[in-house]
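The file start_38.cif comes next; it holds mmCIF, C-alpha atoms.
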```
data_my_file
#
loop_
_atom_site.group_PDB
_atom_site.id
_atom_site.type_symbol
_atom_site.label_atom_id
_atom_site.label_comp_id
_atom_site.auth_asym_id
_atom_site.auth_seq_id
_atom_site.Cartn_x
_atom_site.Cartn_y
_atom_site.Cartn_z
ATOM 1 C CA MET A 1 3.431 -0.522 -40.359
ATOM 2 C CA VAL A 2 6.989 -0.417 -41.608
ATOM 3 C CA TRP A 3 8.513 2.972 -42.311
ATOM 4 C CA LYS A 4 11.834 3.869 -43.815
ATOM 5 C CA SER A 5 14.252 5.180 -41.203
ATOM 6 C CA ALA A 6 14.952 8.907 -41.273
ATOM 7 C CA GLN A 7 18.123 10.263 -42.831
ATOM 8 C CA LYS A 8 18.751 12.919 -40.170
ATOM 9 C CA LEU A 9 17.199 12.221 -36.791
ATOM 10 C CA ILE A 10 15.973 15.081 -34.615
ATOM 11 C CA HIS A 11 17.895 15.098 -31.339
ATOM 12 C CA ASN A 12 16.058 17.889 -29.495
ATOM 13 C CA TRP A 13 12.354 17.090 -29.819
ATOM 14 C CA LYS A 14 9.953 19.936 -29.124
ATOM 15 C CA ILE A 15 6.716 18.061 -29.931
ATOM 16 C CA LEU A 16 5.599 15.660 -27.204
ATOM 17 C CA ARG A 17 2.884 13.031 -26.891
ATOM 18 C CA GLY A 18 -0.332 14.761 -25.817
ATOM 19 C CA ASP A 19 0.467 18.143 -27.419
ATOM 20 C CA ASN A 20 -2.260 20.044 -29.286
ATOM 21 C CA VAL A 21 -1.030 20.534 -32.851
ATOM 22 C CA MET A 22 -2.235 21.942 -36.152
ATOM 23 C CA ILE A 23 -1.492 20.160 -39.413
ATOM 24 C CA ILE A 24 0.149 22.625 -41.809
ATOM 25 C CA ARG A 25 0.601 20.364 -44.864
ATOM 26 C CA GLY A 26 -1.181 17.381 -46.377
ATOM 27 C CA LYS A 27 -4.778 16.384 -46.968
ATOM 28 C CA ASP A 28 -5.802 17.383 -43.416
ATOM 29 C CA LYS A 29 -4.211 20.851 -43.672
ATOM 30 C CA GLY A 30 -5.619 23.359 -41.182
ATOM 31 C CA GLU A 31 -7.118 20.763 -38.834
ATOM 32 C CA LYS A 32 -6.245 20.520 -35.154
ATOM 33 C CA GLY A 33 -5.595 17.374 -33.160
ATOM 34 C CA VAL A 34 -3.712 15.745 -30.303
ATOM 35 C CA VAL A 35 -0.435 13.860 -30.784
ATOM 36 C CA LYS A 36 -1.135 10.199 -30.055
ATOM 37 C CA ARG A 37 2.352 8.800 -30.618
ATOM 38 C CA VAL A 38 5.835 10.093 -31.429
ATOM 39 C CA VAL A 39 8.011 7.866 -33.653
ATOM 40 C CA ARG A 40 11.472 9.299 -33.036
ATOM 41 C CA SER A 41 13.301 6.806 -35.250
ATOM 42 C CA GLN A 42 11.456 8.154 -38.320
ATOM 43 C CA ASN A 43 10.943 11.823 -37.274
ATOM 44 C CA ARG A 44 7.175 11.281 -37.411
ATOM 45 C CA VAL A 45 4.116 11.832 -35.219
ATOM 46 C CA ILE A 46 0.674 10.207 -35.267
ATOM 47 C CA VAL A 47 -2.236 12.595 -34.646
ATOM 48 C CA GLU A 48 -5.527 11.207 -33.300
ATOM 49 C CA GLY A 49 -8.157 10.829 -36.026
ATOM 50 C CA LYS A 50 -6.108 12.512 -38.772
ATOM 51 C CA ASN A 51 -4.382 11.242 -41.937
ATOM 52 C CA LEU A 52 -6.640 8.178 -42.098
ATOM 53 C CA VAL A 53 -5.689 5.572 -44.701
ATOM 54 C CA LYS A 54 -7.145 2.201 -45.667
ATOM 55 C CA LYS A 55 -4.943 -0.761 -44.798
ATOM 56 C CA HIS A 56 -5.498 -4.227 -46.247
ATOM 57 C CA ILE A 57 -4.653 -6.884 -43.669
ATOM 58 C CA LYS A 58 -4.437 -10.560 -44.540
ATOM 59 C CA GLN A 59 -6.248 -13.012 -42.282
ATOM 60 C CA GLY A 60 -3.959 -14.871 -39.925
ATOM 61 C CA GLN A 61 -4.024 -17.123 -36.926
ATOM 62 C CA GLY A 62 -5.841 -15.342 -34.106
ATOM 63 C CA HIS A 63 -7.049 -12.296 -36.071
ATOM 64 C CA GLU A 64 -9.446 -11.468 -38.862
ATOM 65 C CA GLY A 65 -8.422 -9.992 -42.159
ATOM 66 C CA GLY A 66 -10.051 -7.193 -44.087
ATOM 67 C CA ILE A 67 -9.761 -3.521 -44.906
ATOM 68 C CA PHE A 68 -9.140 -1.330 -41.857
ATOM 69 C CA THR A 69 -8.858 2.428 -41.448
ATOM 70 C CA VAL A 70 -5.680 3.393 -39.579
ATOM 71 C CA GLU A 71 -3.937 6.655 -38.709
ATOM 72 C CA ALA A 72 -0.820 7.170 -40.808
ATOM 73 C CA PRO A 73 2.075 9.221 -39.405
ATOM 74 C CA PHE A 74 2.898 12.806 -40.371
ATOM 75 C CA HIS A 75 6.450 14.042 -40.744
ATOM 76 C CA VAL A 76 7.257 16.278 -37.791
ATOM 77 C CA SER A 77 7.800 19.258 -40.121
ATOM 78 C CA ASN A 78 4.156 19.050 -41.233
ATOM 79 C CA VAL A 79 2.685 19.790 -37.799
ATOM 80 C CA GLN A 80 3.056 22.778 -35.445
ATOM 81 C CA VAL A 81 2.253 23.096 -31.757
ATOM 82 C CA LEU A 82 -0.680 25.384 -30.910
ATOM 83 C CA ASP A 83 -0.107 28.451 -28.742
ATOM 84 C CA PRO A 84 -2.066 27.905 -25.487
ATOM 85 C CA ILE A 85 -3.231 31.565 -25.360
ATOM 86 C CA THR A 86 -3.946 32.532 -28.985
ATOM 87 C CA GLY A 87 -4.720 29.054 -30.342
ATOM 88 C CA SER A 88 -2.635 29.674 -33.451
ATOM 89 C CA PRO A 89 0.263 27.486 -34.619
ATOM 90 C CA CYS A 90 3.660 28.605 -33.355
ATOM 91 C CA LYS A 91 7.273 27.570 -33.131
ATOM 92 C CA VAL A 92 8.552 26.170 -29.851
ATOM 93 C CA GLY A 93 11.478 27.665 -27.978
ATOM 94 C CA ILE A 94 13.225 26.642 -24.774
ATOM 95 C CA LYS A 95 13.744 28.903 -21.754
ATOM 96 C CA TYR A 96 15.062 28.420 -18.252
ATOM 97 C CA LEU A 97 13.089 29.948 -15.394
ATOM 98 C CA GLU A 98 14.727 31.713 -12.429
ATOM 99 C CA ASP A 99 14.575 28.525 -10.339
ATOM 100 C CA GLY A 100 16.425 26.618 -13.106
ATOM 101 C CA THR A 101 13.537 24.600 -14.540
ATOM 102 C CA LYS A 102 13.485 24.116 -18.299
ATOM 103 C CA VAL A 103 10.202 25.089 -20.015
ATOM 104 C CA ARG A 104 8.868 25.307 -23.562
ATOM 105 C CA VAL A 105 7.662 28.717 -24.755
ATOM 106 C CA SER A 106 5.745 29.752 -27.856
ATOM 107 C CA ARG A 107 7.638 31.918 -30.297
ATOM 108 C CA GLY A 108 7.257 33.208 -33.837
ATOM 109 C CA GLN A 109 4.882 35.565 -35.566
ATOM 110 C CA GLY A 110 1.558 35.934 -33.745
ATOM 111 C CA ALA A 111 2.766 33.922 -30.739
ATOM 112 C CA SER A 112 2.095 35.088 -27.182
ATOM 113 C CA GLY A 113 5.507 34.049 -25.799
ATOM 114 C CA ASN A 114 3.854 32.217 -22.909
ATOM 115 C CA ILE A 115 4.862 28.863 -21.444
ATOM 116 C CA ILE A 116 3.533 25.760 -23.223
ATOM 117 C CA PRO A 117 2.645 23.329 -20.391
ATOM 118 C CA ARG A 118 3.779 19.702 -20.383
ATOM 119 C CA PRO A 119 0.900 17.394 -21.377
ATOM 120 C CA GLU A 120 -0.840 15.653 -18.470
ATOM 121 C CA ILE A 121 -0.527 12.260 -20.188
ATOM 122 C CA LEU A 122 3.256 12.343 -19.724
ATOM 123 C CA LYS A 123 2.846 12.524 -15.936
ATOM 124 C CA ILE A 124 1.025 9.171 -15.875
ATOM 125 C CA ARG A 125 3.344 6.169 -15.665
ATOM 126 C CA THR A 126 2.457 3.292 -17.978
ATOM 127 C CA THR A 127 3.879 0.721 -15.554
ATOM 128 C CA PRO A 128 3.370 1.443 -11.850
ATOM 129 C CA ARG A 129 6.343 1.521 -9.524
ATOM 130 C CA PRO A 130 6.704 -1.649 -7.464
ATOM 131 C CA THR A 131 5.531 -1.252 -3.859
ATOM 132 C CA VAL A 132 6.664 -4.641 -2.546
ATOM 133 C CA ALA A 133 10.397 -5.264 -2.128
ATOM 134 C CA GLY A 134 11.672 -7.958 -4.465
ATOM 135 C CA PRO A 135 14.410 -10.531 -3.873
ATOM 136 C CA LYS A 136 17.120 -8.309 -5.396
ATOM 137 C CA ASP A 137 16.117 -5.118 -3.532
ATOM 138 C CA THR A 138 18.313 -3.853 -0.708
ATOM 139 C CA PRO A 139 16.620 -4.175 2.718
ATOM 140 C CA MET A 140 15.599 -0.864 4.322
ATOM 141 C CA GLU A 141 17.752 -1.382 7.447
ATOM 142 C CA HIS A 142 20.871 -1.605 5.243
ATOM 143 C CA VAL A 143 19.838 1.524 3.328
ATOM 144 C CA LEU A 144 19.424 3.588 6.501
ATOM 145 C CA GLU A 145 22.611 2.251 8.139
ATOM 146 C CA ARG A 146 25.208 4.971 8.631
ATOM 147 C CA THR A 147 28.579 3.754 7.345
ATOM 148 C CA TYR A 148 30.555 6.991 7.082
ATOM 149 C CA ASP A 149 31.147 9.783 9.549
ATOM 150 C CA ALA A 150 32.298 13.020 7.892
ATOM 151 C CA LYS A 151 33.781 14.575 11.048
ATOM 152 C CA THR A 152 36.048 11.694 12.052
ATOM 153 C CA GLY A 153 36.537 10.165 8.612
ATOM 154 C CA LYS A 154 35.509 6.793 9.992
ATOM 155 C CA GLY A 155 34.276 4.401 7.327
ATOM 156 C CA MET A 156 36.528 5.743 4.567
ATOM 157 C CA PRO A 157 38.291 2.909 2.733
ATOM 158 C CA GLU A 158 42.076 2.791 2.796
ATOM 159 C CA LEU A 159 43.485 3.586 -0.632
#
```
Take the structure in this file and express it as structure tokens.
Amino acid sequence: MVWKSAQKLIHNWKILRGDNVMIIRGKDKGEKGVVKRVVRSQNRVIVEGKNLVKKHIKQGQGHEGGIFTVEAPFHVSNVQVLDPITGSPCKVGIKYLEDGTKVRVSRGQGASGNIIPRPEILKIRTTPRPTVAGPKDTPMEHVLERTYDAKTGKGMPEL
């Protein structure tokens, strides 16, 4: 799908992939769902199983044509995150805990003010970290080699 780019992009996103949201405007108003994809370049989100539209696709090399049902994106202003305690839609605020970690909290009328947890899907990496050292990786013996001594100043380059 091709969408027109947004006029004013949101820089501080408060809706993440995997969040439970309620649709507050549109033909699916009042329904709840999970954010499947966030399209930051258009300020839009795709919610699983909501805002279904028919798409006519022409037959091409390697795929069949026909009429398919696809999920169309919602503008981010048309969905609200659900409060984890009350289950009602709420605004999202940012707070810093005593240990310095940044968390999202529910705020607004009827909100509990509790922490909104990060979705589990964000903790899963799509591409696993490489376990075998490649040709451009630094060997472990060079990494662990001590090249500077703080007490004597040995290893400091001459400026």
Point to revise | the PyMOL selection byres ((chain A and resi 111) around 12) resolved against shown file, as an MDAnalysis selection string | key: chainID A and resid 81:93 105:110 112:116
Review point. How would you write, as a ChimeraX atom specification, the residues chosen by the PyMOL selection byres ((chain A and resi 16-21) around 10) on this structure?
Key: /A:13-15,22-24,30-39,45-48,78-84,87-90,116-122
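From CA of Pro73 in chain A back to CA of Leu9 in chain A, the distance works out to 15.6 Å.
Around the coordinate (-3.0, 3.1, -43.4), residues that reach within 12 Å when counting all atoms listed in the file are Met1, Val2, Trp3, Ile46, Gly49, Lys50, Asn51, Leu52, Val53, Lys54, Lys55, His56, Ile57, Ile67, Phe68, Thr69, Val70, Glu71, Ala72, Pro73 and Phe74 of chain A.
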Selection export as a short mmCIF file (atom, residue, chain, number, x, y, z; two decimals), in the frame of the given file, atoms kept: C-alpha atoms:
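Generated output (part-v8.cif):
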```cif
data_model
loop_
_atom_site.label_atom_id
_atom_site.label_comp_id
_atom_site.auth_asym_id
_atom_site.auth_seq_id
_atom_site.Cartn_x
_atom_site.Cartn_y
_atom_site.Cartn_z
CA MET A 1 3.43 -0.52 -40.36
CA VAL A 2 6.99 -0.42 -41.61
CA TRP A 3 8.51 2.97 -42.31
CA ILE A 46 0.67 10.21 -35.27
CA GLY A 49 -8.16 10.83 -36.03
CA LYS A 50 -6.11 12.51 -38.77
CA ASN A 51 -4.38 11.24 -41.94
CA LEU A 52 -6.64 8.18 -42.10
CA VAL A 53 -5.69 5.57 -44.70
CA LYS A 54 -7.14 2.20 -45.67
CA LYS A 55 -4.94 -0.76 -44.80
CA HIS A 56 -5.50 -4.23 -46.25
CA ILE A 57 -4.65 -6.88 -43.67
CA ILE A 67 -9.76 -3.52 -44.91
CA PHE A 68 -9.14 -1.33 -41.86
CA THR A 69 -8.86 2.43 -41.45
CA VAL A 70 -5.68 3.39 -39.58
CA GLU A 71 -3.94 6.66 -38.71
CA ALA A 72 -0.82 7.17 -40.81
CA PRO A 73 2.08 9.22 -39.40
CA PHE A 74 2.90 12.81 -40.37
#
```
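Atom to atom, CA of Asn12 in chain A and CA of Thr126 in chain A stand 23.0 Å apart.
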Given 8 Å of margin on each side, can you work out the centre and size in Å (one decimal) of an axis-aligned box holding every listed atom of range 49-56 of chain A, as lines of an AutoDock Vina configuration file?
```
center_x = -6.3
center_y = 4.1
center_z = -41.1
size_x = 19.8
size_y = 32.7
size_z = 26.2
```
**Study point:** Shell around Lys95 in chain A at 8 Å using only C-alpha atoms, local window under 3 positions removed, as a ChimeraX atom specification
**Key:** /A:102-105
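The coordinates place CA of Ile94 in chain A at 14.1 Å from CA of His11 in chain A.
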